[in-house]
>>> print(open('start.cif').read())   # mmCIF, C-alpha atoms and all ligand atoms
data_work
loop_
_atom_site.label_atom_id
_atom_site.label_comp_id
_atom_site.auth_asym_id
_atom_site.auth_seq_id
_atom_site.Cartn_x
_atom_site.Cartn_y
_atom_site.Cartn_z
CA MET A 1 93.66 160.00 42.91
CA THR A 2 90.33 158.28 43.53
CA THR A 3 87.85 160.58 45.24
CA TYR A 4 85.40 159.31 47.86
CA VAL A 5 82.60 159.76 45.31
CA GLU A 6 84.39 157.55 42.76
CA ALA A 7 85.12 154.95 45.45
CA ILE A 8 81.47 154.83 46.56
CA GLN A 9 80.37 154.67 42.93
CA LYS A 10 82.61 151.69 42.30
CA HIS A 11 82.09 149.76 45.53
CA VAL A 12 78.47 150.61 46.42
CA VAL A 13 76.43 152.23 43.63
CA LEU A 14 77.45 149.98 40.73
CA PRO A 15 77.27 146.63 42.63
CA LEU A 16 73.87 147.65 44.05
CA GLU A 17 72.66 148.54 40.58
CA LYS A 18 73.92 145.26 39.22
CA ALA A 19 72.14 143.28 41.95
CA THR A 20 68.84 145.16 41.64
CA ASN A 21 68.93 144.90 37.84
CA ARG A 22 68.86 141.13 38.24
CA ILE A 23 65.69 141.35 40.33
CA PHE A 24 63.78 144.17 38.61
CA THR A 25 65.47 144.25 35.17
CA GLN A 26 66.86 147.53 33.87
CA THR A 27 63.41 148.75 32.80
CA TYR A 28 61.87 148.61 36.27
CA ASN A 29 64.85 149.10 38.55
CA PRO A 30 63.61 151.53 41.27
CA PHE A 31 67.15 152.94 41.57
CA TYR A 32 66.75 154.39 38.08
CA TYR A 33 63.55 156.18 39.17
CA HIS A 34 64.84 157.59 42.45
CA GLY A 35 63.46 161.04 41.53
CA ALA A 36 60.16 159.83 40.09
CA LEU A 37 59.21 157.54 43.00
CA PRO A 38 59.08 160.30 45.66
CA ASN A 39 56.68 162.04 43.26
CA LEU A 40 54.47 158.94 43.13
CA PHE A 41 54.32 158.76 46.93
CA LEU A 42 53.56 162.48 47.07
CA TRP A 43 50.44 161.94 44.94
CA VAL A 44 49.34 159.04 47.18
CA LEU A 45 49.80 161.39 50.14
CA PHE A 46 47.69 164.10 48.53
CA VAL A 47 44.80 161.75 47.71
CA SER A 48 44.78 159.80 50.99
CA GLY A 49 45.28 163.03 52.97
CA LEU A 50 42.27 164.65 51.34
CA LEU A 51 40.12 161.66 52.27
CA LEU A 52 41.37 161.76 55.88
CA LEU A 53 40.44 165.43 55.99
CA VAL A 54 36.80 164.50 55.40
CA TYR A 55 36.58 163.14 58.96
CA TYR A 56 39.37 164.91 60.82
CA GLN A 57 38.28 167.53 63.38
CA ALA A 58 41.00 169.91 64.50
CA THR A 59 40.15 170.88 68.08
CA LEU A 60 41.70 169.63 71.29
CA ALA A 61 38.40 168.07 72.34
CA THR A 62 37.68 166.27 69.07
CA ALA A 63 40.99 165.51 67.30
CA TYR A 64 41.70 162.19 69.05
CA ASP A 65 38.07 161.01 68.78
CA SER A 66 37.95 161.86 65.09
CA MET A 67 41.14 159.79 64.61
CA LYS A 68 39.45 156.96 66.51
CA PHE A 69 36.48 157.20 64.17
CA ILE A 70 38.77 157.18 61.12
CA THR A 71 40.75 154.21 62.43
CA TYR A 72 37.90 151.96 63.55
CA GLU A 73 34.63 153.08 61.98
CA ALA A 74 34.85 155.23 58.86
CA PRO A 75 34.57 153.27 55.60
CA PHE A 76 38.14 152.67 54.33
CA GLY A 77 39.32 155.04 57.08
CA ASN A 78 42.03 152.75 58.37
CA ALA A 79 43.11 151.85 54.82
CA MET A 80 43.52 155.57 54.02
CA ARG A 81 45.38 156.18 57.29
CA SER A 82 47.74 153.27 56.69
CA LEU A 83 48.34 154.29 53.06
CA HIS A 84 49.01 157.85 54.19
CA ARG A 85 51.46 156.76 56.89
CA TYR A 86 53.40 154.29 54.74
CA ALA A 87 53.44 156.58 51.70
CA ALA A 88 55.10 159.23 53.93
CA ASP A 89 57.73 156.69 55.01
CA GLY A 90 58.16 155.48 51.41
CA MET A 91 58.59 159.03 50.18
CA MET A 92 61.24 159.83 52.79
CA LEU A 93 63.03 156.55 52.05
CA PHE A 94 63.16 157.19 48.29
CA VAL A 95 64.11 160.84 48.80
CA LEU A 96 67.09 159.64 50.86
CA ILE A 97 67.99 157.12 48.12
CA HIS A 98 67.58 159.94 45.57
CA LEU A 99 69.80 162.25 47.62
CA PHE A 100 72.58 159.69 48.03
CA ARG A 101 72.34 158.65 44.42
CA VAL A 102 72.69 162.13 42.94
CA TRP A 103 75.47 162.77 45.44
CA PHE A 104 77.44 159.61 44.78
CA THR A 105 77.01 159.70 41.03
CA ASP A 106 78.34 163.26 41.15
CA ARG A 107 75.20 164.77 39.69
CA PHE A 108 74.65 167.45 42.28
CA ARG A 109 77.06 170.32 41.82
CA GLU A 110 78.10 173.04 39.44
CA TYR A 111 75.19 173.59 37.01
CA ARG A 112 73.06 171.18 39.08
CA ILE A 113 73.34 173.33 42.18
CA LEU A 114 69.74 174.60 41.89
CA PRO A 115 68.16 171.11 42.13
CA TRP A 116 70.52 170.35 45.01
CA ILE A 117 69.67 173.50 47.02
CA THR A 118 65.94 173.18 46.39
CA GLY A 119 66.29 169.46 47.27
CA VAL A 120 67.78 170.32 50.67
CA ILE A 121 64.89 172.77 51.25
CA LEU A 122 62.41 170.04 50.23
CA LEU A 123 64.01 167.55 52.62
CA THR A 124 63.87 170.04 55.49
CA VAL A 125 60.23 170.97 54.98
CA MET A 126 59.24 167.31 54.45
CA PHE A 127 60.56 166.73 57.93
CA VAL A 128 58.18 169.40 59.34
CA VAL A 129 55.25 167.95 57.37
CA GLY A 130 55.92 164.46 58.79
CA LEU A 131 56.32 165.77 62.30
CA THR A 132 53.10 167.80 62.22
CA GLY A 133 51.35 164.73 60.76
CA TYR A 134 52.25 162.73 63.86
CA MET A 135 51.07 165.60 66.06
CA LEU A 136 47.65 165.74 64.42
CA ILE A 137 46.78 162.27 65.79
CA TRP A 138 46.65 163.90 69.24
CA ASP A 139 47.27 160.69 71.15
CA ALA A 140 49.72 160.57 74.07
CA ASP A 141 52.73 160.40 71.69
CA ALA A 142 51.47 163.38 69.70
CA VAL A 143 51.01 165.46 72.85
CA ALA A 144 54.53 164.50 73.98
CA LEU A 145 55.90 165.46 70.54
CA THR A 146 54.13 168.82 70.74
CA ASN A 147 55.46 169.54 74.22
CA ILE A 148 59.03 168.64 73.24
CA THR A 149 58.72 170.84 70.13
CA VAL A 150 57.57 173.75 72.30
CA ASN A 151 60.57 173.21 74.63
CA LEU A 152 62.95 173.09 71.67
CA LEU A 153 61.47 176.30 70.25
CA HIS A 154 61.77 178.05 73.62
CA ALA A 155 65.46 177.10 73.67
CA VAL A 156 66.21 179.10 70.50
CA PRO A 157 68.23 182.16 71.55
CA VAL A 158 66.57 185.61 71.37
CA ILE A 159 63.50 184.68 69.29
CA GLY A 160 62.69 181.39 71.10
CA ASN A 161 59.69 182.70 73.06
CA GLY A 162 58.28 184.34 69.94
CA LEU A 163 58.68 181.12 67.94
CA ALA A 164 57.05 179.01 70.64
CA GLY A 165 54.26 181.56 70.96
CA PHE A 166 53.72 181.52 67.19
CA PHE A 167 53.58 177.72 67.13
CA LEU A 168 51.21 177.56 70.11
CA GLY A 169 48.98 180.32 68.82
CA ALA A 170 49.52 182.07 72.15
CA ASP A 171 50.79 185.58 72.76
CA LEU A 172 54.48 186.35 72.25
CA SER A 173 55.23 186.80 75.96
CA GLY A 174 56.57 183.32 76.41
CA SER A 175 53.39 181.64 77.62
CA ALA A 176 53.48 177.96 76.77
CA LEU A 177 49.92 176.80 76.75
CA ILE A 178 48.53 174.37 74.22
CA THR A 179 45.12 175.55 73.03
CA ASP A 180 42.79 174.93 70.11
CA TYR A 181 44.84 177.49 68.19
CA THR A 182 47.84 175.18 68.48
CA ILE A 183 46.17 172.30 66.71
CA THR A 184 44.84 174.66 64.03
CA ARG A 185 48.41 175.85 63.42
CA ILE A 186 49.69 172.29 63.27
CA LEU A 187 47.03 171.52 60.64
CA VAL A 188 47.85 174.66 58.65
CA LEU A 189 51.55 173.71 58.62
CA HIS A 190 50.73 170.13 57.63
CA LEU A 191 48.56 171.24 54.70
CA GLY A 192 50.33 174.47 53.74
CA ILE A 193 53.89 173.19 53.47
CA PRO A 194 53.01 170.65 50.74
CA MET A 195 51.72 173.61 48.65
CA PHE A 196 55.10 175.28 49.13
CA MET A 197 56.71 171.96 48.15
CA MET A 198 54.93 172.08 44.79
CA PHE A 199 56.54 175.46 44.14
CA MET A 200 59.94 174.13 45.27
CA LEU A 201 59.54 171.14 42.96
CA TRP A 202 58.90 173.48 40.05
CA MET A 203 62.22 175.18 40.89
CA HIS A 204 63.82 171.76 41.40
CA TYR A 205 63.08 170.83 37.78
CA LEU A 206 63.78 174.27 36.31
CA ARG A 207 67.39 173.56 35.29
CA ILE A 208 66.95 169.85 34.50
CA THR A 209 66.45 168.93 30.89
CA ARG A 210 63.52 166.56 30.52
CA PRO A 211 63.36 165.46 34.19
CA VAL A 212 62.08 161.93 34.66
CA THR A 213 59.13 162.69 36.94
CA ASN A 214 57.11 159.52 36.30
CA ALA A 215 58.12 155.91 36.76
CA PRO A 216 57.06 153.34 34.11
CA THR A 217 53.54 151.96 34.57
CA GLY A 218 54.83 148.52 35.63
CA LEU A 219 56.92 150.00 38.43
CA VAL A 220 54.07 152.30 39.53
CA PHE A 221 51.81 149.24 39.72
CA LEU A 222 54.46 147.32 41.69
CA MET A 223 54.99 150.16 44.16
CA LEU A 224 51.28 150.85 44.66
CA SER A 225 50.46 147.17 45.14
CA GLY A 226 53.39 146.85 47.57
CA LEU A 227 52.08 149.86 49.49
CA ALA A 228 48.51 148.49 49.55
CA LEU A 229 49.68 145.02 50.66
CA PHE A 230 51.89 146.47 53.37
CA SER A 231 49.02 148.67 54.59
CA ALA A 232 46.69 145.65 54.69
CA ALA A 233 49.25 143.46 56.48
CA PHE A 234 50.30 146.09 59.03
CA PRO A 235 47.38 148.49 59.49
CA VAL A 236 48.29 151.43 61.69
CA VAL A 237 46.84 151.47 65.18
CA LEU A 238 45.84 154.37 67.37
CA GLY A 239 47.97 155.13 70.42
CA GLU A 240 46.67 155.71 73.94
CA ALA A 241 44.65 158.84 74.60
CA ALA A 242 46.62 161.62 76.27
CA PRO A 243 45.77 162.58 79.87
CA PRO A 244 43.50 165.64 80.08
CA ASN A 245 46.29 168.10 80.95
CA PHE A 246 48.03 168.51 77.59
CA ASN A 247 50.64 170.90 78.91
CA VAL A 248 52.44 168.31 80.98
CA ALA A 249 55.42 166.64 79.30
CA LEU A 250 54.79 162.91 78.91
CA ASP A 251 57.00 159.91 78.57
CA PRO A 252 56.40 159.04 74.92
CA ILE A 253 55.74 155.47 73.91
CA THR A 254 56.97 155.29 70.33
CA PHE A 255 58.43 157.92 68.03
CA ASP A 256 59.09 157.67 64.32
CA VAL A 257 62.84 157.42 63.68
CA LEU A 258 62.64 159.22 60.33
CA TYR A 259 60.67 162.23 61.47
CA ALA A 260 61.12 162.52 65.22
CA TRP A 261 64.74 161.64 65.89
CA PRO A 262 65.52 165.04 67.49
CA HIS A 263 62.59 164.46 69.84
CA GLN A 264 64.02 161.06 70.78
CA LEU A 265 67.20 162.87 71.78
CA GLY A 266 65.05 165.30 73.80
CA VAL A 267 63.49 162.37 75.66
CA ALA A 268 66.97 160.94 76.26
CA GLY A 269 67.80 164.17 78.09
CA TRP A 270 70.09 165.82 75.51
CA ASP A 271 70.62 169.52 75.80
CA PRO A 272 68.22 171.43 73.45
CA ALA A 273 71.12 173.50 72.07
CA LEU A 274 72.93 170.31 71.07
CA ILE A 275 69.75 168.89 69.51
CA TRP A 276 69.33 172.06 67.43
CA LEU A 277 72.97 171.91 66.37
CA LEU A 278 72.61 168.31 65.23
CA THR A 279 69.28 168.95 63.49
CA LEU A 280 70.59 171.99 61.63
CA ALA A 281 73.88 170.27 60.83
CA VAL A 282 72.02 168.03 58.34
CA PRO A 283 70.72 170.73 55.94
CA VAL A 284 73.68 173.07 56.48
CA GLY A 285 76.16 170.22 55.89
CA LEU A 286 74.30 169.18 52.73
CA LEU A 287 74.36 172.76 51.45
CA ILE A 288 78.11 172.97 51.96
CA VAL A 289 79.06 169.58 50.43
CA PRO A 290 78.98 170.69 46.74
CA TYR A 291 81.42 173.49 47.51
CA LEU A 292 83.86 171.23 49.34
CA GLN A 293 84.32 168.93 46.40
CA LYS A 294 86.99 169.69 43.87
CA LYS A 295 85.67 171.30 40.71
CA ALA A 296 86.65 168.40 38.50
CA MET A 297 85.31 170.01 35.37
CA ARG A 298 86.53 173.57 35.88
CA GLY A 299 87.40 175.23 32.57
CA GLN A 300 85.97 172.37 30.58
CA PHE A 301 82.91 174.08 29.18
CA ALA A 302 82.39 174.18 25.44
CA GLN A 303 84.44 176.82 23.72
CA VAL A 304 83.73 178.44 20.38
CA SER A 305 86.36 179.31 17.82
CA LYS A 306 85.30 182.70 16.41
CA ASP A 307 87.23 182.05 13.22
CA ASN A 308 85.38 178.86 12.38
CA CYS A 309 81.86 179.71 13.59
CA THR A 310 79.45 180.37 10.70
CA GLY A 311 76.51 181.26 12.95
CA CYS A 312 74.46 178.32 11.63
CA SER A 313 72.80 177.87 15.09
CA LEU A 314 72.90 174.06 15.00
CA CYS A 315 74.69 173.95 18.36
CA TYR A 316 72.12 176.39 19.77
CA ALA A 317 69.28 174.14 18.63
CA ASP A 318 70.86 171.00 20.07
CA CYS A 319 72.11 172.23 23.44
CA PRO A 320 69.78 170.64 26.03
CA TYR A 321 70.91 172.98 28.83
CA GLU A 322 70.17 176.31 27.15
CA ALA A 323 73.83 177.16 27.57
CA ILE A 324 74.24 178.65 24.10
CA THR A 325 73.00 181.99 22.80
CA MET A 326 73.43 183.31 19.27
CA VAL A 327 74.57 186.92 19.21
CA GLU A 328 74.89 189.46 16.40
CA ARG A 329 78.46 189.82 15.08
CA ASN A 330 80.07 193.17 14.50
CA ASP A 331 83.70 192.07 14.23
CA GLY A 332 83.92 192.42 10.47
CA SER A 333 83.16 188.71 9.85
CA ARG A 334 81.10 187.85 6.79
CA PHE A 335 78.83 185.77 9.06
CA LYS A 336 75.96 187.50 10.85
CA LYS A 337 75.82 185.48 14.10
CA LEU A 338 78.21 183.97 16.61
CA SER A 339 77.61 181.21 19.14
CA ILE A 340 78.36 182.13 22.78
CA VAL A 341 78.51 179.54 25.59
CA ASP A 342 77.53 180.41 29.16
CA PRO A 343 80.06 178.46 31.31
CA ALA A 344 77.69 178.45 34.29
CA ARG A 345 75.04 176.55 32.32
CA CYS A 346 77.28 174.28 30.25
CA ALA A 347 77.16 170.66 31.38
CA ASN A 348 80.04 169.47 29.19
CA CYS A 349 77.68 167.06 27.47
CA GLY A 350 79.41 167.50 24.10
CA LEU A 351 76.21 167.53 22.01
CA CYS A 352 77.16 170.85 20.43
CA VAL A 353 80.52 169.41 19.38
CA GLY A 354 78.63 166.69 17.52
CA ALA A 355 76.17 169.20 16.05
CA CYS A 356 78.78 171.54 14.60
CA ALA A 357 79.83 170.73 11.04
CA PHE A 358 82.56 173.38 11.05
CA LYS A 359 84.78 172.21 13.94
CA ALA A 360 83.97 175.53 15.57
CA ILE A 361 83.04 174.29 19.03
CA ASP A 362 85.00 172.00 21.28
CA ILE A 363 85.46 170.91 24.87
CA PRO A 364 89.12 171.31 25.75
CA ARG A 365 90.86 168.61 27.77
CA CYS A 366 88.01 166.20 27.02
CA ASP A 367 89.89 163.78 24.85
CA SER A 368 87.72 161.28 22.97
CA LYS A 369 90.10 158.46 23.95
CA ASP A 370 89.55 159.25 27.65
CA VAL A 371 85.80 159.39 27.13
CA LEU A 372 85.82 155.99 25.40
CA ALA A 373 87.98 154.53 28.19
CA GLU A 374 85.48 155.82 30.77
CA ILE A 375 82.55 154.29 28.87
CA GLU A 376 84.35 150.96 28.61
CA LEU A 377 85.09 150.97 32.34
CA ALA A 378 81.45 151.72 33.16
CA LEU A 379 80.27 148.94 30.80
CA ALA A 380 82.75 146.49 32.31
CA ASN A 381 81.27 147.23 35.74
CA GLN A 382 77.67 146.61 34.59
C1 LIG A 401 60.14 165.94 47.38
C2 LIG A 401 61.30 165.40 47.19
C3 LIG A 401 61.96 165.30 45.84
C4 LIG A 401 61.42 164.99 44.62
C5 LIG A 401 59.97 164.64 44.32
C6 LIG A 401 62.49 165.05 43.66
C7 LIG A 401 62.35 164.78 42.32
C8 LIG A 401 63.37 164.84 41.39
C9 LIG A 401 63.26 164.45 40.00
C10 LIG A 401 62.00 163.87 39.36
C11 LIG A 401 64.45 164.69 39.40
C12 LIG A 401 64.82 164.41 37.94
C13 LIG A 401 65.49 163.04 37.93
C14 LIG A 401 65.90 162.61 36.56
O1 LIG A 401 65.53 163.25 35.57
O2 LIG A 401 66.60 161.58 36.49
C15 LIG A 401 65.33 165.24 40.40
C16 LIG A 401 66.65 165.61 40.17
C17 LIG A 401 67.51 166.03 41.15
N1 LIG A 401 67.26 166.09 42.50
FE1 LIG A 401 65.48 165.74 43.40
N2 LIG A 401 63.66 165.39 44.29
C18 LIG A 401 63.38 165.54 45.64
C19 LIG A 401 64.28 165.83 46.64
C20 LIG A 401 65.63 166.01 46.45
C21 LIG A 401 66.60 166.13 47.50
C22 LIG A 401 66.30 166.00 48.99
C23 LIG A 401 67.82 166.35 46.89
C24 LIG A 401 69.17 166.56 47.51
C25 LIG A 401 69.36 167.26 48.57
C26 LIG A 401 67.60 166.37 45.47
C27 LIG A 401 68.57 166.62 44.51
C28 LIG A 401 68.40 166.49 43.15
C29 LIG A 401 69.44 166.74 42.15
C30 LIG A 401 70.87 167.22 42.43
C31 LIG A 401 68.88 166.45 40.91
C32 LIG A 401 69.59 166.54 39.53
C33 LIG A 401 70.07 165.17 39.16
C34 LIG A 401 70.47 165.08 37.69
O3 LIG A 401 70.49 166.08 36.99
O4 LIG A 401 70.76 163.95 37.27
N3 LIG A 401 66.28 166.12 45.22
N4 LIG A 401 64.65 165.31 41.60
S1 LIG A 402 78.59 170.94 25.91
FE1 LIG A 402 77.54 172.13 24.37
S2 LIG A 402 75.52 171.19 24.16
FE2 LIG A 402 76.39 170.47 26.09
S3 LIG A 402 75.69 171.92 27.62
FE3 LIG A 402 77.67 172.71 26.95
S4 LIG A 402 77.16 174.11 25.32
FE4 LIG A 402 75.34 172.87 25.65
S1 LIG A 403 77.17 174.76 15.13
FE1 LIG A 403 79.30 175.46 14.98
S2 LIG A 403 79.27 176.89 13.30
FE2 LIG A 403 77.14 176.59 13.89
S3 LIG A 403 76.78 178.27 15.34
FE3 LIG A 403 77.41 176.52 16.53
S4 LIG A 403 79.63 176.76 16.77
FE4 LIG A 403 78.98 178.12 15.15
#
>>> encode(input="start.cif", output="structure tokens", more="lines below")
Ligand code: HEM
Ligand code: SF4
Ligand code: SF4
Amino acid sequence: MTTYVEAIQKHVVLPLEKATNRIFTQTYNPFYYHGALPNLFLWVLFVSGLLLLVYYQATLATAYDSMKFITYEAPFGNAMRSLHRYAADGMMLFVLIHLFRVWFTDRFREYRILPWITGVILLTVMFVVGLTGYMLIWDADAVALTNITVNLLHAVPVIGNGLAGFFLGADLSGSALITDYTITRILVLHLGIPMFMMFMLWMHYLRITRPVTNAPTGLVFLMLSGLALFSAAFPVVLGEAAPPNFNVALDPITFDVLYAWPHQLGVAGWDPALIWLLTLAVPVGLLIVPYLQKKAMRGQFAQVSKDNCTGCSLCYADCPYEAITMVERNDGSRFKKLSIVDPARCANCGLCVGACAFKAIDIPRCDSKDVLAEIELALANQ
């Protein structure tokens, strides 16, 4: 029976790949660098963000004026702001492509569960980084975003007042006043979470053999020039200044759909509990997905025949997933070592089967005829 993943692979992923290969060629197809491109945008964000920090002043009285200075007066200020804004959108866009691609090419479960879980954490915290970025501008939209965030935090059962108080930098009694401490906290979140993301990325790559973290130079050049051209053609503008009383909820003018969709629902009058449910449904749903899907490869990890294994360690040397360990033998065999496969780490790649000259390691139910048929089908769809 065709699973939904196989159907999407056949009807969406492969045709899309075919079409984009015609435009970019196989060497520079961005779909093949779906993991590397978010990395590229992350570096653009780090560099442009550092330059913005030179002029940004995080107090209620100065934040908006410092943004005005950056946008209209500081040398290259607007260019840096535009690059920063569009790199954030580009990163989110490619992360979503990355997510759907690993999902619909079935490269996200079983031994790949660690990159998937850390990926969901990355996606969630990216959302907070983007949101706090919009707040830092401290124009009317930013003040509205902050007020809606405070309302949403207050609506959390039991700990809501504490959370809102923590975010505002107020006491934990439930007071809801925006002060200078609030903007300092927003800045700390906006700068601190990316540091945490670096740690998460390290964990993200931990179980991936030779992760492709960099796109080829030609594609990097293409992406960076596209970003620069887009920033020059559509430089970001500064919104209206907020009225002096920051603690009054405002009708927002424009909100970013990628980062502030729950706030849009807040403006549309949705119940905060429902907004939280929807917002949390995204990461929770993504965390559950790998466990809902049938374990197609269950039992198909490499298996060693004790009788044939000579302990030569060739499989151990070749296994790219560190799934094999060589252990001392004390079963009366004339050979000193035995190869042991850890099923949780084995990716069924079959390299060890090729490495073994003694027919001592095999992947059951992985018939070479079936494998060839699968390859032929994939090639026919290219
Ligand atoms: C900051 C955002 C992210 C960055 C920079 C990033 C980067 C990467 C890179 C460079 C790889 C290796 C790709 C390869 O070698 O072909 C990778 C693999 C992977 N990522 Fe991400 N990722 C991010 C977010 C996510 C998210 C949101 C998810 C899903 C929820 C995710 C799930 C995965 C999975 C399952 C793999 C393993 C794929 C495989 O083994 O083929 N990642 N990621
Ligand atoms: S099939 Fe063999 S080489 Fe591949 S991951 Fe499993 S043990 Fe390692
Ligand atoms: S390559 Fe074959 S014989 Fe050598 S250790 Fe691995 S399973 Fe045993």
>>> residues_around(input="start.cif", residues="A:Ala232", least_positions_apart="3", cutoff="8 Å", atoms="only C-alpha atoms", output="JSON, numbers by chain")
{"A": [79, 82, 228, 229, 235]}
>>> closest_atom_pairs(input="start.cif", of="stretch 47-120 of chain A", to="stretch 130-138 of chain A", cutoff="9 Å", atoms="all atoms listed in the file", output="CSV")
residue,atom,partner,partner_atom,distance
A:Ala58,CA,A:Leu136,CA,7.8
A:Leu60,CA,A:Trp138,CA,7.8
A:Ala63,CA,A:Trp138,CA,6.2
A:Tyr64,CA,A:Trp138,CA,5.2
A:Ser66,CA,A:Ile137,CA,8.9
A:Met67,CA,A:Ile137,CA,6.3
A:Arg85,CA,A:Gly133,CA,8.9
A:Ala88,CA,A:Gly130,CA,7.2
A:Asp89,CA,A:Gly130,CA,8.8
>>> residues_around(input="start.cif", residues="A:Leu219", least_positions_apart="6", cutoff="10 Å", atoms="all atoms listed in the file", output="list of chain:residue names")
A:Phe24, A:Thr27, A:Tyr28, A:Asn29, A:Pro30, A:Tyr33, A:Leu37, A:Ser225
>>> closest_residue(input="start.cif", among="A:Phe255, A:Thr59, A:Leu42, A:Glu376", to="A:Ile183", atoms="only C-alpha atoms")
A:Thr59
>>> residues_near_ligand(input="start.cif", ligand="ligand LIG 403 (chain A)", cutoff="9 Å", atoms="all atoms listed in the file", output="VMD selection string")
chain A and resid 303 to 306 308 to 318 324 326 337 to 340 352 to 362
>>> residues_near_ligand(input="start.cif", ligand="ligand LIG 402 (chain A)", cutoff="7 Å", atoms="all atoms listed in the file", output="PyMOL selection string")
chain A and resi 301-302+315+318-324+341+345-353+363
>>> axis_aligned_box(input="start.cif", around="ligand LIG 401 (chain A)", padding_each_side="6 Å", output="JSON")
{"center_x": 65.4, "center_y": 164.4, "center_z": 42.3, "size_x": 22.9, "size_y": 17.7, "size_z": 25.4}
>>> atom_distance(input="start.cif", atom1="atom CA of A:Phe31", atom2="atom CA of A:Thr279")
27.2 Å
>>> closest_atom_pairs(input="start.cif", of="chain A", to="ligand LIG 401 (chain A)", cutoff="9 Å", atoms="all atoms listed in the file", output="Markdown table")
| residue | atom | partner | partner_atom | distance |
| --- | --- | --- | --- | --- |
| A:Tyr32 | CA | A:LIG401 | O2 | 7.4 |
| A:Tyr33 | CA | A:LIG401 | O2 | 6.8 |
| A:His34 | CA | A:LIG401 | C13 | 7.1 |
| A:Gly35 | CA | A:LIG401 | C9 | 3.7 |
| A:Ala36 | CA | A:LIG401 | C10 | 4.5 |
| A:Leu37 | CA | A:LIG401 | C5 | 7.3 |
| A:Pro38 | CA | A:LIG401 | C5 | 4.6 |
| A:Asn39 | CA | A:LIG401 | C5 | 4.3 |
| A:Leu40 | CA | A:LIG401 | C5 | 8.0 |
| A:Phe41 | CA | A:LIG401 | C5 | 8.6 |
| A:Leu42 | CA | A:LIG401 | C5 | 7.3 |
| A:Met91 | CA | A:LIG401 | C2 | 7.5 |
| A:Met92 | CA | A:LIG401 | C2 | 7.9 |
| A:Phe94 | CA | A:LIG401 | C2 | 8.5 |
| A:Val95 | CA | A:LIG401 | C19 | 5.4 |
| A:Leu96 | CA | A:LIG401 | C22 | 6.7 |
| A:His98 | CA | A:LIG401 | N3 | 6.3 |
| A:Leu99 | CA | A:LIG401 | C24 | 4.4 |
| A:Phe100 | CA | A:LIG401 | C24 | 7.7 |
| A:Arg101 | CA | A:LIG401 | C33 | 8.7 |
| A:Val102 | CA | A:LIG401 | C30 | 5.4 |
| A:Trp103 | CA | A:LIG401 | C30 | 7.1 |
| A:Thr105 | CA | A:LIG401 | O4 | 8.4 |
| A:Asp106 | CA | A:LIG401 | O4 | 8.5 |
| A:Arg107 | CA | A:LIG401 | O4 | 5.1 |
| A:Phe108 | CA | A:LIG401 | C30 | 3.8 |
| A:Arg109 | CA | A:LIG401 | C30 | 6.9 |
| A:Tyr111 | CA | A:LIG401 | O3 | 8.9 |
| A:Arg112 | CA | A:LIG401 | C30 | 5.6 |
| A:Ile113 | CA | A:LIG401 | C30 | 6.6 |
| A:Leu114 | CA | A:LIG401 | C30 | 7.5 |
| A:Pro115 | CA | A:LIG401 | C29 | 4.6 |
| A:Trp116 | CA | A:LIG401 | C30 | 4.1 |
| A:Ile117 | CA | A:LIG401 | C25 | 6.4 |
| A:Thr118 | CA | A:LIG401 | C26 | 7.1 |
| A:Gly119 | CA | A:LIG401 | C21 | 3.4 |
| A:Val120 | CA | A:LIG401 | C25 | 4.0 |
| A:Ile121 | CA | A:LIG401 | C22 | 7.3 |
| A:Leu122 | CA | A:LIG401 | C1 | 5.5 |
| A:Leu123 | CA | A:LIG401 | C22 | 4.6 |
| A:Thr124 | CA | A:LIG401 | C22 | 8.0 |
| A:Met126 | CA | A:LIG401 | C1 | 7.3 |
| A:Met197 | CA | A:LIG401 | C1 | 7.0 |
| A:Met198 | CA | A:LIG401 | C1 | 8.5 |
| A:Met200 | CA | A:LIG401 | C1 | 8.5 |
| A:Leu201 | CA | A:LIG401 | C4 | 6.6 |
| A:His204 | CA | A:LIG401 | N4 | 6.5 |
| A:Tyr205 | CA | A:LIG401 | C11 | 6.5 |
| A:Arg207 | CA | A:LIG401 | O3 | 8.3 |
| A:Ile208 | CA | A:LIG401 | O3 | 5.7 |
| A:Thr209 | CA | A:LIG401 | O1 | 7.4 |
| A:Arg210 | CA | A:LIG401 | O1 | 6.4 |
| A:Pro211 | CA | A:LIG401 | O1 | 3.4 |
| A:Val212 | CA | A:LIG401 | O1 | 3.8 |
| A:Thr213 | CA | A:LIG401 | C10 | 3.9 |
| A:Asn214 | CA | A:LIG401 | C10 | 7.2 |
| A:Pro283 | CA | A:LIG401 | C25 | 8.3 |
| A:Leu286 | CA | A:LIG401 | C25 | 6.7 |
| A:Leu287 | CA | A:LIG401 | C25 | 8.0 |
>>> atom_distance(input="start.cif", atom1="atom CA of A:Trp261", atom2="atom CA of A:Ala142")
13.9 Å
